[in-house]
Amino acid sequence: MRTAIEDVNFDVSTSAPGYSVKGKASKTKTGLEIPLEIRSKDDEGIDLYGKTIEDLVVTVDFEAADRLHVKIGDKDQKQVIVPDSPLGLERPKLRKPAKKLNYEFKYAENPFGFQVIRKSDKAVIFDTTDYPLVFEDQYLEITTAVPDDANIYGFGETTLPNFRRDNVKNVTTIYARDAGCPFYENVYGHHPFYMEIRDGKAHGSLLLNAHGMDVLTVEGRITWKVIGGVLDFYFFVPDGSKPNSVVHSYTDLIGKPIMIAHWMLGWHQCRWGYRNIEHVESVIKGYKDHNIPLEVGWVDIDYMDTFQDFTFDPVNFPEERMIQLGKDLHANGQRFVVMVNAGKHYKSGYPAYEDGHELDIFMKNPDGEEYVGQVWPGYTVYPDWFHPDISKYWNKHVGAWMERVGLDGVWIDMDEPAAFCLGSCGTGLKDTAPPSLEPWTLPENVQTEMHADQEAALQKLEKEHVTDSRHLLYPNYAINNGHGNLSEKTGMTIAYHHGGIAHYDYHSLYGHSECYHTRNALIEHNKTERPFILTRSSFVGSGRYAGHWTGDNASKWEYLKSSITEIFNVQMFGITYSGSDVCGFNDNTTETLCTRWQELGAFYPFARNHNAKQPPSQEPFLWETTAEATRKALAIRYSLLAYYYTLFEESNRLGSPVWQPLIFQYPNVESFLTNDEQVLVGSDILLSPVLYENDTSVDAEFPPGLWYDWYTLEPVDDKPKKARTIILDAPLTHIPIHVRGGAIVPLKEPSLLVDETYASPYSLLIALDEHGEAQGRLYIDDGHSLEQPEQSDIQFTFKHGTLRAKGKFGYPNAEKLDTIKIVGKAAHKLHRASYNGEKFKVKQEDSVAILENAGVDLTSGPFTIKFK
């Protein structure tokens, strides 16, 4: 295992000769094409880790006013790139360059280097000119200068304690990996995107490359060291240079996040280790008995017959009982989701294997035989998501499974893909059990011997059958992969996908491409409903197919805190339906930790309690303090469902994060650059959770402006002109929440179910700013359909005592607006209201103006309510 930072080469390759422009650049229909040639063919600096490619082509495309594309590729186009398809990333199809660019592109000819300059302030936001360019078949290196104390965010997926990246001496390895969330190491997803905030202005960059890489953030520079592909950069320079605008520009390229259904916003419960169907039923009953909302019941791999997808354990989870569970949940207004793993049991008579074998859609060994690894059922084969017939296979099995069990969604796991052995350890062993279904439980010496045998077989397979001149098993540049060699505990790099593409080249696309086909299968099964998919592995653009949870975290305080950073990153990567396992997956939680985690997790975009089979149960009703805190927090979440749903519509349309750090809304407040302990839900709700054991208060930072306590509706102070820190009381069952002055927040009356909550009338919370004004938005549709011909998009403003609503009022079944609460300095003066010719009395409670029983129709168009 190679994870020690002292093993990492942080240096740039100063011996590399670099490249120079060969001849002249030429104009293309969308930009420039610049031919390059190696500057020297002397031995020094040549073939550092692979075979030097002498002739390159730089294509520069001015794709949009806020997006620049710079691709440095091999002239002969032999390097494997991210597919230009939904299985990778569909590139924009352009006919002409954009106009009125926000950036400038400059380049030096000898040695070749380039700069990207933001026009608005002449800031050089990317600059390779002082560093070597290395381009070999298995080693690419490029470096940009950044300020010494650069504020860098992104690069993942990795578990981190802090959102702002260490820029003194840090390596982020990007390579999809099944690992239980070790800090600072590569885990499930592959996202080579970052944002920098400099002097209050933000820009971003993506290296579109699916190969393993080390990204070195060192004082004064960022260096990429990549083991294949090409240098395919996109730069994002939006108008106004706001952090959220960078995310908007990024998702313009990679695709907008999914639009969720109402029910997906409810509370979810799962664990690995339910003993039987009665255990699941008792958990569901426990929520009801303790008056805690539960929207979705989940079952992990426990339900399967010997861990085979699309089967039932006939003793503990018999088919008829599982089907009845789904019916019971639906009868109660709840939903049902189960797991589906990537690998399929290598077993005769097992339909998921036999059908795939007949269609020949499984990944292959270099000798043409099926690649056979090991996962939960034993020896397993892996669907090849790049095979042209894969949809026939997947649509059939997923659709039949959804119909058979009455499921509402699919949970995809082990899709890095994960493996419990090295190489094709099950070749020739169909219908045979491996030495252990959990080989890590075997004696250490037995594991060592098995691994040596597997590695010898793997090397033999490569020697006898791999014709690729590259070193696919052991590239000369070894990225800092947490599992060491690239084939450890995952698909072997000399397995092959359709078209003869080595898994070495497509490894990190596996889960992403499975999500694409799963979404299509769910839509094929039900063409009217928004599909639910949750995935562990992801790639650039996966958010347009699925949601994501951050994997196998631990029941420790540091993971409660790091969940904020992880969700911030995933939101920035364009996967806004995301969350972490509440109360922790591995290890034993405590009453205090679980209580604090439930308080915060109640507000995750995707909110689910989930733990492993070894630890004791951790459902929130098991401790009274946890139950009390959960009821309080979820009541607030459910009251905010219309607000959350509006945020998700904006996310689906623009790409906006649902959860975001303070710095994204207030990029000029320097102290917010490192604040990763508070959360903005949208722009209007501020969470200040307790993240440390035994704390009963929070040192909370507040942005400029008025902020109101959610519970008392009193302003936090009377100093709206500057950011400040205030100590907030936070006893065990309380999470501090504040509402931004200037916001109009749509609310519902919380119930135990999402549909019941949504059936209640709307209310508005109008939190006045220091000028006595506020504004907000409400989006309404039917909450579940893929196509929405009838929608409402209502903008509210409050000014000079008048509430105005305008916009689109197309959804015909919207509930009425019943209650309006106004808080702020001017609210105590309001005693009467008039609407549509009718006069109302305004009630005063603790200086809050309350209009009740207004009965405002939200289907008949714009309206005005005047308060006096």
# chains A, B, ... in the order shown; residues from 1 in each chain; ligands from 1

$ residues_around --residues "range 678-684 of chain A" --least-positions-apart "4" --cutoff "9 Å" --atoms "only C-alpha atoms" --output "ChimeraX atom specification"
/A:564,568,603,605,643-644,647,656-662,665,688-689,700-701,738-745

$ write_last_selection --atoms "N, CA, C and O atoms" --output "CSV table (one decimal), in the first residue's frame"
chain,number,residue,atom,x,y,z
A,564,ILE,N,-19.8,17.7,6.2
A,564,ILE,CA,-20.1,19.0,5.6
A,564,ILE,C,-19.2,19.3,4.4
A,564,ILE,O,-19.7,19.6,3.3
A,568,PHE,N,-20.3,19.6,0.5
A,568,PHE,CA,-20.0,20.8,-0.3
A,568,PHE,C,-19.3,20.4,-1.6
A,568,PHE,O,-19.6,21.0,-2.6
A,603,PHE,N,-31.0,17.8,7.6
A,603,PHE,CA,-31.0,18.8,6.6
A,603,PHE,C,-30.1,18.5,5.4
A,603,PHE,O,-30.0,19.3,4.5
A,605,PRO,N,-29.3,17.3,1.8
A,605,PRO,CA,-30.1,17.2,0.6
A,605,PRO,C,-30.7,15.8,0.5
A,605,PRO,O,-31.9,15.6,0.2
A,643,TYR,N,-39.5,25.0,0.1
A,643,TYR,CA,-38.2,25.7,-0.1
A,643,TYR,C,-37.2,24.8,-0.7
A,643,TYR,O,-36.5,25.2,-1.7
A,644,TYR,N,-37.0,23.6,-0.1
A,644,TYR,CA,-36.0,22.7,-0.7
A,644,TYR,C,-36.3,22.3,-2.1
A,644,TYR,O,-35.5,22.3,-3.0
A,647,LEU,N,-35.4,25.0,-4.4
A,647,LEU,CA,-33.9,25.0,-4.6
A,647,LEU,C,-33.5,23.9,-5.6
A,647,LEU,O,-32.6,24.1,-6.4
A,656,SER,N,-27.2,25.2,-9.4
A,656,SER,CA,-26.9,25.8,-8.1
A,656,SER,C,-26.8,24.7,-7.1
A,656,SER,O,-27.6,23.8,-7.0
A,657,PRO,N,-25.7,24.8,-6.2
A,657,PRO,CA,-25.7,23.9,-5.0
A,657,PRO,C,-26.9,24.1,-4.1
A,657,PRO,O,-27.3,25.3,-3.9
A,658,VAL,N,-27.5,23.1,-3.6
A,658,VAL,CA,-28.5,23.2,-2.6
A,658,VAL,C,-27.9,23.5,-1.2
A,658,VAL,O,-28.4,24.3,-0.5
A,659,TRP,N,-26.8,22.7,-0.9
A,659,TRP,CA,-26.0,23.0,0.3
A,659,TRP,C,-24.8,23.8,-0.2
A,659,TRP,O,-24.2,23.4,-1.2
A,660,GLN,N,-24.4,24.9,0.5
A,660,GLN,CA,-23.2,25.6,0.1
A,660,GLN,C,-22.6,26.3,1.3
A,660,GLN,O,-23.2,26.6,2.3
A,661,PRO,N,-21.3,26.5,1.2
A,661,PRO,CA,-20.6,27.2,2.3
A,661,PRO,C,-20.9,28.7,2.2
A,661,PRO,O,-21.3,29.2,1.2
A,662,LEU,N,-20.6,29.4,3.3
A,662,LEU,CA,-20.8,30.8,3.3
A,662,LEU,C,-20.1,31.6,2.3
A,662,LEU,O,-20.5,32.6,1.7
A,665,GLN,N,-21.7,32.5,-1.1
A,665,GLN,CA,-22.7,33.6,-1.2
A,665,GLN,C,-22.0,34.9,-0.8
A,665,GLN,O,-22.4,36.0,-1.2
A,688,SER,N,-26.0,26.1,12.0
A,688,SER,CA,-24.8,26.2,12.8
A,688,SER,C,-24.8,25.0,13.8
A,688,SER,O,-25.1,25.2,15.0
A,689,PRO,N,-24.4,23.8,13.3
A,689,PRO,CA,-24.5,22.6,14.1
A,689,PRO,C,-23.4,22.5,15.1
A,689,PRO,O,-22.3,23.0,15.0
A,700,ALA,N,-20.7,30.9,16.0
A,700,ALA,CA,-21.3,31.0,14.7
A,700,ALA,C,-20.9,32.3,14.0
A,700,ALA,O,-21.1,33.4,14.6
A,701,GLU,N,-20.5,32.2,12.8
A,701,GLU,CA,-20.3,33.4,12.0
A,701,GLU,C,-21.5,33.8,11.2
A,701,GLU,O,-22.2,33.0,10.7
A,738,HIS,N,-30.9,29.9,11.5
A,738,HIS,CA,-31.3,31.3,11.3
A,738,HIS,C,-31.8,31.5,9.8
A,738,HIS,O,-31.4,30.8,8.9
A,739,VAL,N,-32.6,32.6,9.7
A,739,VAL,CA,-33.2,33.0,8.5
A,739,VAL,C,-32.6,34.3,8.1
A,739,VAL,O,-32.5,35.2,8.9
A,740,ARG,N,-32.2,34.4,6.8
A,740,ARG,CA,-31.6,35.7,6.3
A,740,ARG,C,-32.6,36.8,6.2
A,740,ARG,O,-33.7,36.6,5.7
A,741,GLY,N,-32.3,37.9,6.8
A,741,GLY,CA,-33.1,39.1,6.6
A,741,GLY,C,-33.1,39.5,5.1
A,741,GLY,O,-32.1,39.6,4.5
A,742,GLY,N,-34.3,39.7,4.6
A,742,GLY,CA,-34.4,40.0,3.1
A,742,GLY,C,-35.0,38.8,2.4
A,742,GLY,O,-35.1,38.8,1.1
A,743,ALA,N,-35.3,37.7,3.1
A,743,ALA,CA,-35.8,36.5,2.5
A,743,ALA,C,-37.3,36.3,2.7
A,743,ALA,O,-37.8,36.6,3.7
A,744,ILE,N,-37.9,35.7,1.7
A,744,ILE,CA,-39.3,35.2,1.8
A,744,ILE,C,-39.2,33.7,1.6
A,744,ILE,O,-38.9,33.3,0.5
A,745,VAL,N,-39.5,33.0,2.6
A,745,VAL,CA,-39.4,31.5,2.6
A,745,VAL,C,-40.7,30.9,2.6
A,745,VAL,O,-41.6,31.1,3.5

$ select_by_dssp --residues "range 235-363 of chain A" --states "alpha helix (DSSP H)" --output "PyMOL selection string"
chain A and resi 243-254+277-289+319-331+351-359

$ atom_distance --atom1 "CA of Val690 in chain A" --atom2 "CA of Asn588 in chain A"
19.2 Å

$ residues_around --residues "Asn836 in chain A" --least-positions-apart "3" --cutoff "8 Å" --atoms "only C-alpha atoms" --output "PyMOL selection string"
chain A and resi 863-865

$ residues_around --residues "Glu455 in chain A" --least-positions-apart "6" --cutoff "12 Å" --atoms "only C-alpha atoms" --output "list in words"
Cys421, Leu422, Gly423, Ser424, Cys425, Thr448, Glu449, Leu461, Glu462, Leu473, Tyr474, Asn485, Ser487, Glu488 and Met492 of chain A

$ select_by_dssp --residues "range 588-822 of chain A" --states "strand (DSSP E)" --output "number ranges by chain"
A: 608-609, 659-660, 679-681, 685-687, 697-702, 707-709, 724-729, 737-740, 743-747, 762-767, 774-780, 792-799, 802-809, 817-822

$ residues_around --residues "Glu815 in chain A" --least-positions-apart "6" --cutoff "9 Å" --atoms "only C-alpha atoms" --output "number ranges by chain"
A: 758-762, 857-859

$ residues_around --residues "Leu640 in chain A" --least-positions-apart "4" --cutoff "7 Å" --atoms "only C-alpha atoms" --output "list of chain:residue names"
A:Ile636, A:Tyr644, A:Leu747, A:Lys748
